[in-house]
Each structure stands twice: as structure tokens, then as C-alpha cells.
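Undergrad: Shown below is the structure under consideration.
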Amino acid sequence: MNRNIRMILAVIVYIIGLAASIYVGGWVMIIKPVKGAIAAYFVGTLTFRQLVITIIKCACSTTVAGLIWVIGYVASNHVFDSRDEQ
């Protein structure tokens, strides 16, 4: 495969991994649960279980986001490895 095509594919794979990590780590594991907990608090239906799950999700969000990013990074390096050019 052409070097430029592999580089473009590697950048696309990397951007997909970065976007997925921001979506999962930021939206799914931080913003969405916190918004749900705040809404439940104002309605008066917030339970201890919901609060604990929200705290655990927020605490683990950076780890999950980092894992997803690393998977995208490794896949990107697998598509284009500059050491193969020699």
C-alpha cells in the first residue's frame, strides 16, 4: 500500500480513537450521569445507589478514556509504522 494512503488511514484511525475516548470518557461517564443525578436530586428521587454509581463512573472515566485512546493509538501505529520504510 502506498505510504501516503497508510499515513492518511493512520490519522483517520487515530482521530476515531480520540473522538471515541472523548465521547465515552467525557459524555457517557461524566456529563450524562452527573446530569441525571442532578435532575434526580431536584425531583427528589436521587437514591444512594445512583449517587454511588455516578461517583464510580466519574472516578473511572479517565481510565476508560485513556484505554480507548491507547487502543486507537496502537491501531494507528499498526496501520502506519515508520520503521517499515527502511
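In the C-alpha cells, each chain is lettered A, B, ... as it comes, each chain's residues begin at 1, and ligands are numbered from 1 in order of appearance.
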Which residues are close to Gly26 in chain A, i.e. within 12 Å by only C-alpha atoms, leaving aside same-chain residues fewer than 5 positions away? Reply as a PyMOL selection string.
TA: chain A and resi 18-21+31-34+57-66+68
Undergrad: Leaving out His78 in chain A and any residue of its chain fewer than 3 positions from it, which residues lie within 12 Å of it when counting only C-alpha atoms, given as a PyMOL selection string?
TA: chain A and resi 6-7+9-11+13-14+71-75+81-84
Undergrad: As an exercise, work out the distance from CA of Asn4 in chain A to CA of Leu67 in chain A in Å and give it to one decimal place.
TA: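 Going from CA of Asn4 in chain A over to CA of Leu67 in chain A covers 27.4 Å.
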